[in-house]
$ cat input-v6.cif   # mmCIF, C-alpha atoms
data_data
#
loop_
_atom_site.label_atom_id
_atom_site.label_comp_id
_atom_site.auth_asym_id
_atom_site.auth_seq_id
_atom_site.Cartn_x
_atom_site.Cartn_y
_atom_site.Cartn_z
CA MET W 20 185.82 40.99 97.95
CA THR W 21 187.34 43.65 95.73
CA GLN W 22 191.06 43.22 95.23
CA PRO W 23 193.29 46.32 95.41
CA VAL W 24 194.77 47.69 92.20
CA SER W 25 198.30 46.40 92.45
CA ALA W 26 200.19 48.58 89.96
CA PRO W 27 199.84 51.71 87.83
CA PRO W 28 198.41 51.44 84.30
CA ILE W 29 201.24 50.54 81.94
CA ALA W 30 201.16 53.90 80.12
CA GLU W 31 201.50 55.75 83.45
CA ARG W 32 204.30 53.43 84.50
CA VAL W 33 206.23 54.00 81.27
CA ARG W 34 205.76 57.78 81.53
CA THR W 35 207.04 57.61 85.13
CA LEU W 36 210.10 55.66 84.04
CA ALA W 37 210.73 58.15 81.25
CA ALA W 38 210.54 61.06 83.68
CA THR W 39 213.39 59.54 85.72
CA ALA W 40 215.43 58.23 82.77
CA ALA W 41 218.42 59.63 80.91
CA PRO W 42 219.32 59.11 77.24
CA THR W 43 222.27 56.80 76.63
CA HIS W 44 222.36 56.40 72.83
CA VAL W 45 220.69 57.69 69.69
CA ALA W 46 220.52 55.91 66.34
CA VAL W 47 219.65 57.52 63.01
CA ALA W 48 217.11 55.56 60.98
CA GLY W 49 218.43 54.33 57.63
CA SER W 50 222.01 55.27 58.51
CA GLU W 51 225.05 53.01 58.56
CA LEU W 52 226.29 54.92 61.60
CA LYS W 53 226.49 52.99 64.85
CA ALA W 54 224.33 54.22 67.72
CA LEU W 55 225.87 57.42 69.04
CA PRO W 56 226.36 58.29 72.73
CA ALA W 57 223.66 60.70 73.88
CA ARG W 58 223.08 63.08 76.75
CA GLY W 59 219.98 64.99 77.71
CA GLY W 60 216.69 64.25 79.42
CA VAL W 61 212.93 64.06 78.97
CA ASP W 62 210.67 67.11 79.00
CA ALA W 63 207.39 67.50 80.87
CA GLN W 64 205.44 66.11 77.90
CA GLY W 65 207.52 62.91 77.84
CA ARG W 66 209.59 63.81 74.77
CA PRO W 67 213.34 63.06 74.76
CA VAL W 68 215.58 66.10 74.49
CA LEU W 69 219.19 65.69 73.33
CA LEU W 70 222.04 68.08 74.07
CA VAL W 71 224.21 68.15 70.94
CA LYS W 72 227.55 69.94 70.92
CA PRO W 73 229.54 71.46 68.01
CA GLY W 74 231.56 68.82 66.21
CA GLU W 75 229.19 65.99 67.07
CA VAL W 76 227.53 64.04 64.25
CA LEU W 77 224.02 65.35 64.91
CA TYR W 78 225.02 68.98 65.36
CA GLY W 79 224.24 69.97 61.79
CA CYS W 80 221.38 67.55 61.21
CA ARG W 81 218.20 68.59 59.45
CA ASP W 82 214.90 68.86 61.29
CA ASP W 83 212.50 65.90 61.28
CA LEU W 84 215.37 63.42 61.30
CA ALA W 85 214.08 59.91 62.08
CA VAL W 86 215.86 58.60 65.18
CA THR W 87 215.62 56.07 67.99
CA VAL W 88 216.65 57.24 71.46
CA ASP W 89 217.62 54.73 74.12
CA LEU W 90 216.81 55.77 77.69
CA VAL W 91 217.66 54.00 80.94
CA ALA W 92 216.16 54.57 84.39
CA THR W 93 218.44 53.41 87.18
CA ARG W 94 218.27 52.88 90.91
CA SER W 95 221.13 53.27 93.39
CA LEU W 96 221.41 50.28 95.73
CA GLY W 97 224.08 51.42 98.13
CA GLU W 98 227.08 52.08 95.90
CA THR W 99 225.70 50.03 92.99
CA GLU W 100 223.61 51.36 90.10
CA ARG W 101 221.04 48.97 88.67
CA ALA W 102 218.86 49.48 85.59
CA ARG W 103 215.16 49.30 86.48
CA GLY W 104 213.73 50.14 83.08
CA MET W 105 214.85 50.64 79.50
CA LEU W 106 212.98 52.52 76.79
CA LYS W 107 213.46 52.96 73.07
CA ILE W 108 211.62 56.03 71.84
CA ARG W 109 211.26 56.25 68.07
CA GLY W 110 210.37 59.52 66.41
CA TRP W 111 211.65 62.62 64.66
CA ALA W 112 214.30 64.98 66.04
CA SER W 113 214.05 68.73 65.46
CA THR W 114 215.72 71.79 66.96
CA VAL W 115 213.87 73.20 69.97
CA PRO W 116 212.44 76.62 68.95
CA GLY W 117 214.27 79.61 70.42
CA HIS W 118 211.37 80.75 72.63
CA GLU W 119 211.21 77.29 74.25
CA VAL W 120 214.95 76.74 74.79
CA ARG W 121 215.21 78.10 78.32
CA GLU W 122 212.22 76.16 79.65
CA THR W 123 213.41 72.98 77.92
CA ALA W 124 216.96 73.31 79.25
CA ILE W 125 215.64 73.70 82.79
CA ALA W 126 213.38 70.67 82.34
CA ILE W 127 216.30 68.34 81.53
CA ALA W 128 218.94 69.90 83.81
CA GLU W 129 218.49 67.36 86.62
CA ARG W 130 219.16 64.41 84.31
CA CYS W 131 221.75 66.30 82.27
CA PRO W 132 223.99 68.31 84.63
CA ASP W 133 226.08 69.82 81.85
CA GLU W 134 227.39 73.40 81.87
CA ASP W 135 226.74 73.58 78.14
CA LEU W 136 223.05 73.98 78.95
CA PHE W 137 223.96 77.55 79.94
CA ALA W 138 225.57 78.03 76.54
CA VAL W 139 222.41 76.76 74.87
CA ILE W 140 220.35 79.36 76.74
CA GLU W 141 222.79 82.18 76.02
CA ASN W 142 223.04 81.13 72.36
CA THR W 143 226.29 82.93 71.68
CA GLY W 144 228.64 81.93 68.87
CA ARG W 145 228.66 78.28 67.85
CA ALA W 146 226.47 77.18 70.74
CA PRO W 147 225.27 73.64 71.46
CA ARG W 148 221.79 72.67 70.26
CA LEU W 149 218.81 71.04 71.90
CA LEU W 150 217.05 68.48 69.72
CA ARG W 151 213.56 67.39 70.76
CA VAL W 152 212.10 64.09 69.58
CA ASP W 153 208.44 64.00 68.54
CA VAL W 154 207.31 60.54 69.64
CA ALA W 155 206.11 57.89 67.17
CA ASP W 156 206.12 54.96 69.59
CA VAL W 157 207.85 53.64 72.70
CA VAL W 158 209.33 50.20 73.25
CA TYR W 159 209.58 49.45 76.97
CA LEU W 160 211.34 46.79 79.01
CA THR W 161 211.09 46.63 82.80
CA GLY W 162 211.88 43.88 85.26
CA THR W 163 208.50 42.23 84.65
CA GLU W 164 206.93 43.78 81.55
CA SER W 165 207.74 44.56 77.95
CA GLY W 166 205.80 45.88 74.99
CA VAL W 167 205.13 48.84 72.72
CA LEU W 168 203.04 51.96 73.31
CA ASP W 169 201.88 54.13 70.44
CA SER W 170 202.39 57.87 70.66
CA ASP W 171 198.80 58.67 71.72
CA ASP W 172 198.78 56.21 74.62
CA TYR W 173 202.19 57.39 75.78
CA LEU W 174 201.69 61.15 75.41
CA ASP W 175 198.14 61.13 76.82
CA ALA W 176 199.35 59.51 80.05
CA ASP W 177 200.97 61.36 82.95
CA PRO W 178 203.71 60.21 85.32
CA ASP W 179 202.67 59.16 88.82
CA PRO W 180 201.37 62.41 90.43
CA LEU W 181 203.33 61.57 93.60
CA LEU W 182 206.57 60.80 91.74
CA ASP W 183 208.81 63.44 93.32
CA GLN W 184 207.65 62.75 96.87
CA ALA W 185 207.83 58.99 96.30
CA GLU W 186 211.43 59.18 95.12
CA ARG W 187 212.44 61.18 98.19
CA MET W 188 210.72 58.70 100.52
CA LEU W 189 212.27 55.73 98.73
CA HIS W 190 215.79 57.14 99.00
CA HIS W 191 215.23 57.94 102.68
CA VAL W 192 214.15 54.38 103.50
CA ASN W 193 217.01 52.81 101.54
CA SER W 194 219.61 55.06 103.15
CA ALA W 195 218.31 55.33 106.73
CA HIS W 196 215.87 52.49 107.46
CA ARG W 197 217.07 49.55 105.41
CA ALA W 198 217.47 47.21 108.40
CA GLN W 199 213.80 47.77 109.25
CA LEU W 200 212.85 47.18 105.62
CA VAL W 201 214.76 43.88 105.54
CA ALA W 202 213.03 42.69 108.73
CA ALA W 203 209.62 43.70 107.37
CA VAL W 204 210.15 41.96 104.03
CA GLU W 205 211.34 38.79 105.74
CA LYS W 206 208.22 38.76 107.92
CA LEU W 207 205.87 39.43 105.00
CA THR W 208 207.42 36.83 102.67
CA GLY W 209 208.43 34.27 105.29
CA GLU W 210 211.84 33.98 103.65
CA PRO W 211 215.31 35.45 104.30
CA ALA W 212 215.79 38.71 102.38
CA PRO W 213 219.13 40.18 103.50
CA ASP W 214 219.55 41.95 100.14
CA ALA W 215 216.13 43.65 100.20
CA TRP W 216 215.91 47.19 98.84
CA LEU W 217 212.95 49.40 98.10
CA TRP W 218 212.88 49.35 94.30
CA GLU W 219 209.71 51.20 93.27
CA LEU W 220 207.22 53.34 95.17
CA ASP W 221 204.01 54.77 93.78
CA ARG W 222 200.44 55.57 94.74
CA TYR W 223 199.36 51.95 94.19
CA GLY W 224 202.04 50.19 96.22
CA ALA W 225 205.71 49.38 96.63
CA THR W 226 208.05 46.99 94.85
CA VAL W 227 210.90 45.45 96.82
CA ARG W 228 213.97 43.97 95.20
CA ALA W 229 214.51 40.95 97.45
CA GLY W 230 217.37 39.41 95.48
CA ARG W 231 219.20 39.74 92.20
CA ASP W 232 216.26 38.53 90.10
CA ARG W 233 213.37 38.69 92.57
CA LEU W 234 210.89 41.56 92.68
CA VAL W 235 208.04 41.47 95.21
CA ARG W 236 205.04 43.77 94.64
CA LEU W 237 203.21 44.93 97.77
CA PRO W 238 200.00 46.84 96.89
CA TRP W 239 198.32 49.30 99.24
CA PRO W 240 194.74 48.50 100.35
CA SER W 241 193.67 51.57 98.35
CA PRO W 242 195.65 54.03 96.20
CA ALA W 243 197.38 56.84 98.08
CA ALA W 244 195.82 60.12 97.02
CA THR W 245 198.23 62.45 98.83
CA PRO W 246 201.90 62.50 99.85
CA GLU W 247 200.79 62.11 103.47
CA ALA W 248 198.80 58.99 102.63
CA LEU W 249 201.77 57.54 100.74
CA GLU W 250 204.10 58.26 103.64
CA GLN W 251 201.68 56.55 106.04
CA ALA W 252 201.37 53.48 103.82
CA LEU W 253 205.15 53.23 103.53
CA ALA W 254 205.58 53.60 107.28
CA CYS W 255 203.14 50.73 107.86
CA LEU W 256 205.14 48.59 105.43
CA VAL W 257 208.53 49.35 107.00
CA CYS W 258 207.19 48.79 110.49
CA ALA W 259 205.42 45.54 109.61
CA HIS W 260 207.82 43.53 111.75
#
$ encode --input "input-v6.cif" --output "structure tokens"
Amino acid sequence: MTQPVSAPPIAERVRTLAATAAPTHVAVAGSELKALPARGGVDAQGRPVLLVKPGEVLYGCRDDLAVTVDLVATRSLGETERARGMLKIRGWASTVPGHEVRETAIAIAERCPDEDLFAVIENTGRAPRLLRVDVADVVYLTGTESGVLDSDDYLDADPDPLLDQAERMLHHVNSAHRAQLVAAVEKLTGEPAPDAWLWELDRYGATVRAGRDRLVRLPWPSPAATPEALEQALACLVCAH
């Protein structure tokens, strides 16, 4: 009997995490400087983009500066934020070309809600800069996996095609149907799970956080090809009790 694919390929999973992550720090290779606080996001190609303001250390940096950007993807569990994946993307930072600034600023706006993005687009006076990192490799650490992806494997992959819909469904279940989720998880695992939360949701299955250090992966019988199929699979899970 053929077993269902239980999880996305690791390159897809890392790209999905990157798409929902925000930069926290940036370190300059070969520098004695400590890692600097960072803000920004990740563009559609998976490259980190940093918003750098006048007066900050990287504001006047040269192009092709070797850097490491730390990114963290989090999940809200009620009023608590938990890290669900950490990435270190190593590469070379350069100023985003003028004709790409607007599109790039829009791409990172959700993860970087900063009014200075408008100043970047308007480019008047001593405006902030957007630095884009060309990827050399990616170090990843999730709840269950760690490793390194080279630039080709990382950049050639795409995030989960149902990412946006999956995130909306996940937030809806955690905010409006958590009691049903807890009952379903307890029935499926045969153990108490009062702290159960939906942790990950993708076309291959769902991951439930059933305790501080316990993640339970629940694969679908077959991958969900459409948002409607994903919604149906999730409904069957939540109503399992």
$ closest_residue --input "input-v6.cif" --among "W:Leu136, W:Val76, W:Val47, W:Leu181" --to "Gly60 in chain W" --atoms "all atoms listed in the file"
W:Leu136
$ atom_distance --input "input-v6.cif" --atom1 "CA of Trp239 in chain W" --atom2 "CA of Leu207 in chain W"
13.7 Å
$ residues_around --input "input-v6.cif" --residues "Glu186 in chain W" --least-positions-apart "2" --cutoff "10 Å" --atoms "only C-alpha atoms" --output "short mmCIF file (atom, residue, chain, number, x, y, z; two decimals) with C-alpha atoms, in the frame of the given file"
data_model
loop_
_atom_site.label_atom_id
_atom_site.label_comp_id
_atom_site.auth_asym_id
_atom_site.auth_seq_id
_atom_site.Cartn_x
_atom_site.Cartn_y
_atom_site.Cartn_z
CA THR W 39 213.39 59.54 85.72
CA LEU W 181 203.33 61.57 93.60
CA LEU W 182 206.57 60.80 91.74
CA ASP W 183 208.81 63.44 93.32
CA GLN W 184 207.65 62.75 96.87
CA MET W 188 210.72 58.70 100.52
CA LEU W 189 212.27 55.73 98.73
CA HIS W 190 215.79 57.14 99.00
CA HIS W 191 215.23 57.94 102.68
CA TRP W 218 212.88 49.35 94.30
CA GLU W 219 209.71 51.20 93.27
CA LEU W 220 207.22 53.34 95.17
CA ASP W 221 204.01 54.77 93.78
#
$ closest_residue --input "input-v6.cif" --among "W:Ala37, W:Ala259, W:Ala254, W:Ala155" --to "Asp172 in chain W" --atoms "all atoms listed in the file"
W:Ala155
$ atom_distance --input "input-v6.cif" --atom1 "CA of Val68 in chain W" --atom2 "CA of Ala30 in chain W"
19.7 Å
$ closest_residue --input "input-v6.cif" --among "W:Leu70, W:Leu256, W:Leu217, W:Ala176" --to "Arg130 in chain W" --atoms "all atoms listed in the file"
W:Leu70
$ atom_distance --input "input-v6.cif" --atom1 "CA of Val257 in chain W" --atom2 "CA of Glu98 in chain W"
21.8 Å
$ closest_residue --input "input-v6.cif" --among "W:Glu210, W:Val204, W:Arg34, W:Pro180" --to "Ala243 in chain W" --atoms "only C-alpha atoms"
W:Pro180
$ closest_residue --input "input-v6.cif" --among "W:Leu84, W:Ala102, W:Ser95, W:Lys72" --to "Glu134 in chain W" --atoms "only C-alpha atoms"
W:Lys72
$ decode --input "input-v6.cif" --residues "range 220-258 of chain W" --atoms "N, CA and C atoms" --output "mmCIF file, in the first residue's frame"
data_model
loop_
_atom_site.group_PDB
_atom_site.id
_atom_site.type_symbol
_atom_site.label_atom_id
_atom_site.label_comp_id
_atom_site.auth_asym_id
_atom_site.auth_seq_id
_atom_site.Cartn_x
_atom_site.Cartn_y
_atom_site.Cartn_z
ATOM 1 N N LEU W 220 0.130 24.268 8.215
ATOM 2 C CA LEU W 220 -0.898 23.754 7.308
ATOM 3 C C LEU W 220 -0.392 23.916 5.891
ATOM 4 N N ASP W 221 -0.404 22.832 5.135
ATOM 5 C CA ASP W 221 0.077 22.897 3.760
ATOM 6 C C ASP W 221 -0.647 21.847 2.931
ATOM 7 N N ARG W 222 -0.314 21.755 1.678
ATOM 8 C CA ARG W 222 -1.037 20.858 0.770
ATOM 9 C C ARG W 222 -0.813 19.380 1.095
ATOM 10 N N TYR W 223 0.214 19.071 1.885
ATOM 11 C CA TYR W 223 0.495 17.677 2.224
ATOM 12 C C TYR W 223 -0.100 17.236 3.557
ATOM 13 N N GLY W 224 -0.466 18.184 4.411
ATOM 14 C CA GLY W 224 -1.001 17.807 5.710
ATOM 15 C C GLY W 224 -0.996 18.963 6.687
ATOM 16 N N ALA W 225 -1.181 18.623 7.953
ATOM 17 C CA ALA W 225 -1.198 19.615 9.023
ATOM 18 C C ALA W 225 -0.252 19.171 10.130
ATOM 19 N N THR W 226 0.331 20.142 10.805
ATOM 20 C CA THR W 226 1.145 19.870 11.991
ATOM 21 C C THR W 226 0.472 20.531 13.172
ATOM 22 N N VAL W 227 0.268 19.772 14.231
ATOM 23 C CA VAL W 227 -0.354 20.282 15.446
ATOM 24 C C VAL W 227 0.705 20.378 16.533
ATOM 25 N N ARG W 228 0.735 21.499 17.200
ATOM 26 C CA ARG W 228 1.579 21.636 18.389
ATOM 27 C C ARG W 228 0.735 21.181 19.571
ATOM 28 N N ALA W 229 1.059 20.012 20.105
ATOM 29 C CA ALA W 229 0.238 19.397 21.151
ATOM 30 C C ALA W 229 0.818 19.587 22.543
ATOM 31 N N GLY W 230 1.868 20.346 22.648
ATOM 32 C CA GLY W 230 2.522 20.639 23.917
ATOM 33 C C GLY W 230 3.744 21.471 23.633
ATOM 34 N N ARG W 231 4.450 21.872 24.650
ATOM 35 C CA ARG W 231 5.576 22.788 24.466
ATOM 36 C C ARG W 231 6.612 22.250 23.481
ATOM 37 N N ASP W 232 6.911 20.954 23.561
ATOM 38 C CA ASP W 232 7.950 20.380 22.711
ATOM 39 C C ASP W 232 7.429 19.221 21.863
ATOM 40 N N ARG W 233 6.129 19.179 21.632
ATOM 41 C CA ARG W 233 5.552 18.042 20.908
ATOM 42 C C ARG W 233 4.831 18.513 19.655
ATOM 43 N N LEU W 234 5.327 18.079 18.500
ATOM 44 C CA LEU W 234 4.690 18.376 17.229
ATOM 45 C C LEU W 234 4.186 17.067 16.623
ATOM 46 N N VAL W 235 2.923 17.067 16.210
ATOM 47 C CA VAL W 235 2.300 15.873 15.627
ATOM 48 C C VAL W 235 1.952 16.184 14.177
ATOM 49 N N ARG W 236 2.521 15.414 13.246
ATOM 50 C CA ARG W 236 2.252 15.606 11.822
ATOM 51 C C ARG W 236 1.111 14.691 11.391
ATOM 52 N N LEU W 237 0.122 15.272 10.715
ATOM 53 C CA LEU W 237 -1.061 14.543 10.263
ATOM 54 C C LEU W 237 -1.189 14.724 8.743
ATOM 55 N N PRO W 238 -0.676 13.769 7.960
ATOM 56 C CA PRO W 238 -0.707 13.923 6.500
ATOM 57 C C PRO W 238 -2.095 13.661 5.930
ATOM 58 N N TRP W 239 -2.397 14.334 4.807
ATOM 59 C CA TRP W 239 -3.627 14.045 4.078
ATOM 60 C C TRP W 239 -3.454 12.742 3.301
ATOM 61 N N PRO W 240 -4.544 12.054 2.967
ATOM 62 C CA PRO W 240 -4.448 10.838 2.145
ATOM 63 C C PRO W 240 -3.790 11.096 0.793
ATOM 64 N N SER W 241 -4.014 12.291 0.243
ATOM 65 C CA SER W 241 -3.350 12.713 -0.991
ATOM 66 C C SER W 241 -3.204 14.230 -0.923
ATOM 67 N N PRO W 242 -2.184 14.791 -1.590
ATOM 68 C CA PRO W 242 -1.969 16.236 -1.504
ATOM 69 C C PRO W 242 -3.190 17.028 -1.981
ATOM 70 N N ALA W 243 -3.465 18.119 -1.317
ATOM 71 C CA ALA W 243 -4.568 19.001 -1.721
ATOM 72 C C ALA W 243 -4.107 19.852 -2.902
ATOM 73 N N ALA W 244 -4.833 19.787 -3.988
ATOM 74 C CA ALA W 244 -4.429 20.501 -5.198
ATOM 75 C C ALA W 244 -5.065 21.879 -5.307
ATOM 76 N N THR W 245 -6.114 22.136 -4.529
ATOM 77 C CA THR W 245 -6.828 23.402 -4.605
ATOM 78 C C THR W 245 -7.142 23.895 -3.199
ATOM 79 N N PRO W 246 -7.437 25.196 -3.050
ATOM 80 C CA PRO W 246 -7.851 25.695 -1.736
ATOM 81 C C PRO W 246 -9.081 24.968 -1.204
ATOM 82 N N GLU W 247 -10.003 24.609 -2.090
ATOM 83 C CA GLU W 247 -11.222 23.923 -1.666
ATOM 84 C C GLU W 247 -10.888 22.543 -1.100
ATOM 85 N N ALA W 248 -9.947 21.851 -1.745
ATOM 86 C CA ALA W 248 -9.544 20.532 -1.258
ATOM 87 C C ALA W 248 -8.839 20.648 0.091
ATOM 88 N N LEU W 249 -8.031 21.685 0.263
ATOM 89 C CA LEU W 249 -7.358 21.903 1.542
ATOM 90 C C LEU W 249 -8.370 22.216 2.639
ATOM 91 N N GLU W 250 -9.332 23.038 2.326
ATOM 92 C CA GLU W 250 -10.359 23.375 3.311
ATOM 93 C C GLU W 250 -11.150 22.135 3.721
ATOM 94 N N GLN W 251 -11.455 21.263 2.754
ATOM 95 C CA GLN W 251 -12.183 20.040 3.062
ATOM 96 C C GLN W 251 -11.355 19.106 3.945
ATOM 97 N N ALA W 252 -10.077 18.973 3.636
ATOM 98 C CA ALA W 252 -9.205 18.116 4.434
ATOM 99 C C ALA W 252 -9.094 18.636 5.864
ATOM 100 N N LEU W 253 -8.988 19.946 6.005
ATOM 101 C CA LEU W 253 -8.884 20.539 7.331
ATOM 102 C C LEU W 253 -10.188 20.354 8.112
ATOM 103 N N ALA W 254 -11.309 20.508 7.426
ATOM 104 C CA ALA W 254 -12.604 20.315 8.080
ATOM 105 C C ALA W 254 -12.750 18.890 8.597
ATOM 106 N N CYS W 255 -12.290 17.915 7.806
ATOM 107 C CA CYS W 255 -12.351 16.511 8.246
ATOM 108 C C CYS W 255 -11.482 16.287 9.475
ATOM 109 N N LEU W 256 -10.333 16.961 9.523
ATOM 110 C CA LEU W 256 -9.448 16.847 10.682
ATOM 111 C C LEU W 256 -10.118 17.437 11.933
ATOM 112 N N VAL W 257 -10.619 18.657 11.814
ATOM 113 C CA VAL W 257 -11.192 19.340 12.977
ATOM 114 C C VAL W 257 -12.445 18.634 13.471
ATOM 115 N N CYS W 258 -13.143 17.997 12.578
ATOM 116 C CA CYS W 258 -14.383 17.314 12.966
ATOM 117 C C CYS W 258 -14.178 15.831 13.238
#
